[in-house]
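Worksheet: the structure to be examined is printed underneath.
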Amino acid sequence: MLATMPRDGRLESTLAMLADPYRYISSQCRRLGTEAFEARIMLQPTICFSGAQAAAVFYDTDRFRRATAAPEPVRATLFGKVTVQNLDADAHRVRKAMFVDVLNAAAVQSLVQHTSREWHAALSGGTAQPLYELTHCVLTRAVCRWAGVPLSREEAPRRQGQLVALFDDAARNVASHFRARTARGQAERWLAGVIDNVRAGRYTPPADSVLAAVARHRDADGQAMPSHVAAAELLNVLRPVVAVSVYIVFVAHALAMHPACTRRLADGDRRFKLAFVQEIRRHYPFFPAVVARATRDFEWNGLRIERGRRALLDLYGTNHDPRTWDMPERFDPARFLDRALGPFDLVPQGGADVRTHHRCPGEDVTTALMSLFTDHLLRSEVIPGDTELDWRRLPALPRGRILVKARAGIRQAGLADLGMGAA
């Protein structure tokens, strides 16, 4: 006998979710004693899932699809309306393969090298600078150079502002959301022009660059992507790299809050550094939830899911599920030293297999850049402000600015220090 789907109890739950976007779903699951419940969010009945078992069903492509699932405000700012996040089946598989191929290990190492050089240049002045804003500048310049996208010094601040707006302004308030919509239009027009120049032979990027790969890509139908689609997909490489700035702030926050970890990292324990990075990705809030729609009626855990029903998977709550993580609210990198991760245990950037499902193909980029900045921040003077996190902000950040400056007499980490050799 099927159980009745637990319900939030509110007529409309959008405001409740916006008031606590990272913890709303998991708190309701605990209150209701369930892994799934129904709520009315953005005027639509929505099934809210939390936990590794729920993630496994959410990523079952026979039960859920992504096309038309994301609300229009999300597609108009963060992802784009014609991109891989909105595709399914062969269309998704072929488009996704392009991203997996361009984000190979050698490419990730090259991006790290470009980023390290930009960091050295940005920190050379010796004055304290806001870390979040500084990493926007560093990562924008590094990712464009690495991707083969031409970017002059004069143009860089404008393009940086557009890239940052896509993730930093998309969901904070109404005014910022419309700034993000405007920024997406401007950025897509800019990159569509770059794609047109490549295809017309007016600009030749390096053959192994992201820009070259996107410009020549053929979709499942054998056709090249239209310029505006190619531009949106190129943004899906540039934007997430700049968004790693959020995680870099969390690296600095964790170093300030956990001095025992800082001491161990300073001793050069590379295995512990990877565990430290993974624990930041698990512990800190990054992206609250992902969305899909049921492709058919089905039963799960005694509950009935109707065809066409929108579903949200709670990423933050899944990363803090006590059924998967011992003492989940404790920051403890050691939990990753001897742990074999399942495909749905750690899901800050999605779950399941990266090639065939909607898992972010840039996780290796994220962890590599976080590792790089762990080394750089250990060699810098980090000045934390108010360390309390603003949980209502999307993305969440400390309430006070974290400042950083070069530490007198301390050399910043070079490529040899990072175990990467010369460029």
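In the structure tokens, chains take the letters A, B, ... in the order shown, each chain's residues start at 1, and ligands count up from 1 in the order shown.
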Mind checking DSSP for range 279-325 of chain A and telling me the helix (DSSP H, G or I) residues as a PyMOL selection string? chain A and resi 279-283+315-318
Writer output for current selection, N, CA and C atoms, as a PDB file, in the first residue's frame:
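In the end it all went to result-v3.pdb:
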ATOM      1  N   GLU A 279      36.688  18.164   2.045  1.00  0.00           N
ATOM      2  CA  GLU A 279      35.850  18.477   3.196  1.00  0.00           C
ATOM      3  C   GLU A 279      35.247  19.874   3.075  1.00  0.00           C
ATOM      4  N   ILE A 280      35.963  20.806   2.467  1.00  0.00           N
ATOM      5  CA  ILE A 280      35.376  22.124   2.201  1.00  0.00           C
ATOM      6  C   ILE A 280      34.192  21.979   1.253  1.00  0.00           C
ATOM      7  N   ARG A 281      34.353  21.179   0.209  1.00  0.00           N
ATOM      8  CA  ARG A 281      33.264  20.983  -0.749  1.00  0.00           C
ATOM      9  C   ARG A 281      32.060  20.312  -0.085  1.00  0.00           C
ATOM     10  N   ARG A 282      32.308  19.430   0.861  1.00  0.00           N
ATOM     11  CA  ARG A 282      31.203  18.779   1.569  1.00  0.00           C
ATOM     12  C   ARG A 282      30.573  19.701   2.612  1.00  0.00           C
ATOM     13  N   HIS A 283      31.408  20.384   3.369  1.00  0.00           N
ATOM     14  CA  HIS A 283      30.953  21.098   4.567  1.00  0.00           C
ATOM     15  C   HIS A 283      30.286  22.436   4.263  1.00  0.00           C
ATOM     16  N   LEU A 315      21.297  19.389  -2.469  1.00  0.00           N
ATOM     17  CA  LEU A 315      22.726  19.085  -2.517  1.00  0.00           C
ATOM     18  C   LEU A 315      23.386  19.294  -1.160  1.00  0.00           C
ATOM     19  N   TYR A 316      23.148  20.435  -0.547  1.00  0.00           N
ATOM     20  CA  TYR A 316      23.769  20.717   0.742  1.00  0.00           C
ATOM     21  C   TYR A 316      23.328  19.699   1.795  1.00  0.00           C
ATOM     22  N   GLY A 317      22.043  19.401   1.841  1.00  0.00           N
ATOM     23  CA  GLY A 317      21.545  18.443   2.820  1.00  0.00           C
ATOM     24  C   GLY A 317      22.074  17.042   2.595  1.00  0.00           C
ATOM     25  N   THR A 318      22.219  16.645   1.336  1.00  0.00           N
ATOM     26  CA  THR A 318      22.787  15.329   1.036  1.00  0.00           C
ATOM     27  C   THR A 318      24.227  15.240   1.520  1.00  0.00           C
TER      28      THR A 318
END
Can you tell me, as a short mmCIF file (atom, residue, chain, number, x, y, z; two decimals) with N, CA and C atoms, in the first residue's frame, what residues are no more than 12 Å from range 198-210 of chain A when counting only C-alpha atoms, ignoring any on the same chain fewer than 5 positions away?
data_model
loop_
_atom_site.label_atom_id
_atom_site.label_comp_id
_atom_site.auth_asym_id
_atom_site.auth_seq_id
_atom_site.Cartn_x
_atom_site.Cartn_y
_atom_site.Cartn_z
N MET A 98 31.91 16.81 -25.18
CA MET A 98 32.77 17.95 -25.53
C MET A 98 33.40 18.54 -24.27
N PHE A 99 32.60 18.72 -23.23
CA PHE A 99 33.11 19.30 -21.99
C PHE A 99 34.10 18.36 -21.30
N VAL A 100 33.77 17.08 -21.26
CA VAL A 100 34.66 16.12 -20.61
C VAL A 100 36.01 16.09 -21.33
N ASP A 101 35.97 16.15 -22.65
CA ASP A 101 37.21 16.09 -23.43
C ASP A 101 38.08 17.32 -23.21
N VAL A 102 37.49 18.51 -23.19
CA VAL A 102 38.31 19.72 -23.07
C VAL A 102 38.81 19.93 -21.64
N LEU A 103 38.19 19.26 -20.67
CA LEU A 103 38.61 19.41 -19.28
C LEU A 103 39.43 18.20 -18.83
N ASN A 104 40.31 17.74 -19.72
CA ASN A 104 41.17 16.60 -19.40
C ASN A 104 42.27 17.02 -18.42
N ALA A 106 45.55 17.23 -18.59
CA ALA A 106 46.55 18.19 -19.06
C ALA A 106 45.97 19.60 -19.12
N ALA A 107 44.72 19.70 -19.54
CA ALA A 107 44.08 21.02 -19.60
C ALA A 107 43.90 21.61 -18.21
N VAL A 108 43.55 20.79 -17.25
CA VAL A 108 43.40 21.27 -15.88
C VAL A 108 44.73 21.79 -15.36
N SER A 110 47.18 22.98 -17.10
CA SER A 110 47.47 24.23 -17.80
C SER A 110 46.70 25.39 -17.18
N LEU A 111 45.44 25.18 -16.85
CA LEU A 111 44.64 26.24 -16.22
C LEU A 111 45.23 26.62 -14.87
N VAL A 143 41.23 32.14 -17.01
CA VAL A 143 40.41 31.23 -17.78
C VAL A 143 40.27 31.68 -19.23
N CYS A 144 40.22 32.99 -19.47
CA CYS A 144 40.14 33.46 -20.85
C CYS A 144 41.43 33.17 -21.61
N ARG A 145 42.56 33.43 -20.97
CA ARG A 145 43.84 33.13 -21.61
C ARG A 145 43.95 31.63 -21.90
N TRP A 146 43.60 30.82 -20.91
CA TRP A 146 43.68 29.36 -21.06
C TRP A 146 42.73 28.84 -22.13
N ALA A 147 41.52 29.39 -22.18
CA ALA A 147 40.50 28.91 -23.12
C ALA A 147 40.72 29.41 -24.54
N GLY A 148 41.66 30.34 -24.73
CA GLY A 148 41.90 30.90 -26.05
C GLY A 148 41.00 32.05 -26.41
N VAL A 149 40.27 32.59 -25.43
CA VAL A 149 39.35 33.71 -25.67
C VAL A 149 40.12 35.01 -25.58
N PRO A 150 40.16 35.81 -26.64
CA PRO A 150 40.91 37.07 -26.58
C PRO A 150 40.29 38.04 -25.58
N LEU A 191 30.62 36.53 -26.85
CA LEU A 191 31.23 35.26 -27.22
C LEU A 191 30.69 34.73 -28.54
N ALA A 192 29.46 35.07 -28.90
CA ALA A 192 28.97 34.69 -30.23
C ALA A 192 29.80 35.38 -31.30
N GLY A 193 30.19 36.63 -31.05
CA GLY A 193 31.07 37.32 -31.99
C GLY A 193 32.43 36.66 -32.08
N ALA A 215 33.96 25.84 -31.05
CA ALA A 215 33.65 26.35 -32.39
C ALA A 215 33.47 25.24 -33.41
N ARG A 216 34.23 24.14 -33.26
CA ARG A 216 34.15 23.06 -34.26
C ARG A 216 33.24 21.90 -33.85
N HIS A 217 32.68 21.94 -32.66
CA HIS A 217 31.88 20.82 -32.16
C HIS A 217 30.68 20.54 -33.05
N ALA A 224 26.93 21.79 -36.62
CA ALA A 224 27.61 22.69 -35.69
C ALA A 224 26.57 23.44 -34.86
N MET A 225 26.94 23.78 -33.66
CA MET A 225 26.04 24.57 -32.82
C MET A 225 25.89 25.97 -33.42
N PRO A 226 24.68 26.53 -33.46
CA PRO A 226 24.54 27.94 -33.84
C PRO A 226 25.42 28.81 -32.94
N SER A 227 25.79 29.97 -33.44
CA SER A 227 26.73 30.82 -32.70
C SER A 227 26.25 31.14 -31.30
N ALA A 230 26.74 28.03 -29.15
CA ALA A 230 28.17 27.84 -28.87
C ALA A 230 28.65 28.86 -27.84
N ALA A 231 28.16 30.08 -27.95
CA ALA A 231 28.54 31.12 -26.98
C ALA A 231 28.07 30.75 -25.58
N GLU A 233 27.52 27.77 -24.42
CA GLU A 233 28.31 26.65 -23.90
C GLU A 233 29.72 27.09 -23.54
N LEU A 234 30.28 28.03 -24.27
CA LEU A 234 31.58 28.57 -23.88
C LEU A 234 31.48 29.26 -22.52
N LEU A 235 30.38 29.95 -22.30
CA LEU A 235 30.13 30.54 -20.97
C LEU A 235 30.06 29.47 -19.89
N ASN A 236 29.60 28.28 -20.26
CA ASN A 236 29.51 27.19 -19.29
C ASN A 236 30.86 26.62 -18.91
N VAL A 237 31.92 27.10 -19.54
CA VAL A 237 33.29 26.81 -19.09
C VAL A 237 33.83 28.01 -18.33
N LEU A 238 33.67 29.21 -18.87
CA LEU A 238 34.24 30.40 -18.25
C LEU A 238 33.59 30.71 -16.90
#
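If you look at CA of Arg407 in chain A and CA of Gly125 in chain A, they are 11.1 Å away from each other.
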At a cut-off of 8 Å, using only C-alpha atoms, what residues contact Phe344 in chain A? Leave out same-chain residues fewer than 6 positions from it and give the result as a PyMOL selection string. chain A and resi 52-53+55-56+351-352
Write out as a VMD selection string which residues come within 8 Å of range 16-27 of chain A when counting only C-alpha atoms, dropping same-chain ones fewer than 6 positions away. chain A and resid 48 to 50 285 287 to 289 314 316 to 318 391 to 392 394
Which residues are close to Ile41 in chain A, i.e. within 9 Å by only C-alpha atoms, leaving aside same-chain residues fewer than 3 positions away? Reply as a ChimeraX atom specification. /A:12-15,17,44-46
Those same residues - C-alpha atoms - I'd like them written as a PDB file, in the first residue's frame.
ATOM      1  CA  GLU A  12       3.265  28.341  -0.947  1.00  0.00           C
ATOM      2  CA  SER A  13       6.804  27.546   0.252  1.00  0.00           C
ATOM      3  CA  THR A  14       8.921  29.781  -1.976  1.00  0.00           C
ATOM      4  CA  LEU A  15       9.525  32.392   0.731  1.00  0.00           C
ATOM      5  CA  MET A  17      12.991  28.280   0.873  1.00  0.00           C
ATOM      6  CA  GLN A  44       4.315  24.597  -8.856  1.00  0.00           C
ATOM      7  CA  PRO A  45       3.900  21.360  -6.890  1.00  0.00           C
ATOM      8  CA  THR A  46       7.457  20.127  -6.327  1.00  0.00           C
TER       9      THR A  46
END
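Using only C-alpha atoms for every distance, the candidate list A:Asp169, A:Pro384, A:His177, A:Arg355 yields A:His177 as the residue closest to Glu72 in chain A.
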I need the strand (DSSP E or B) residues of range 200-377 of chain A per DSSP on the backbone, written as a list in words. Arg218, Ala224, Ala289, Val290, Val291, Ala292, Arg293, Ala294, Phe298, Glu299, Trp300, Leu303, Arg304, Ile305, Arg310, Ala311, Leu312, Leu313, Asp314, Pro348 and Gly350 of chain A
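If you look at CA of Pro343 in chain A and CA of Tyr59 in chain A, they are 10.2 Å away from each other.
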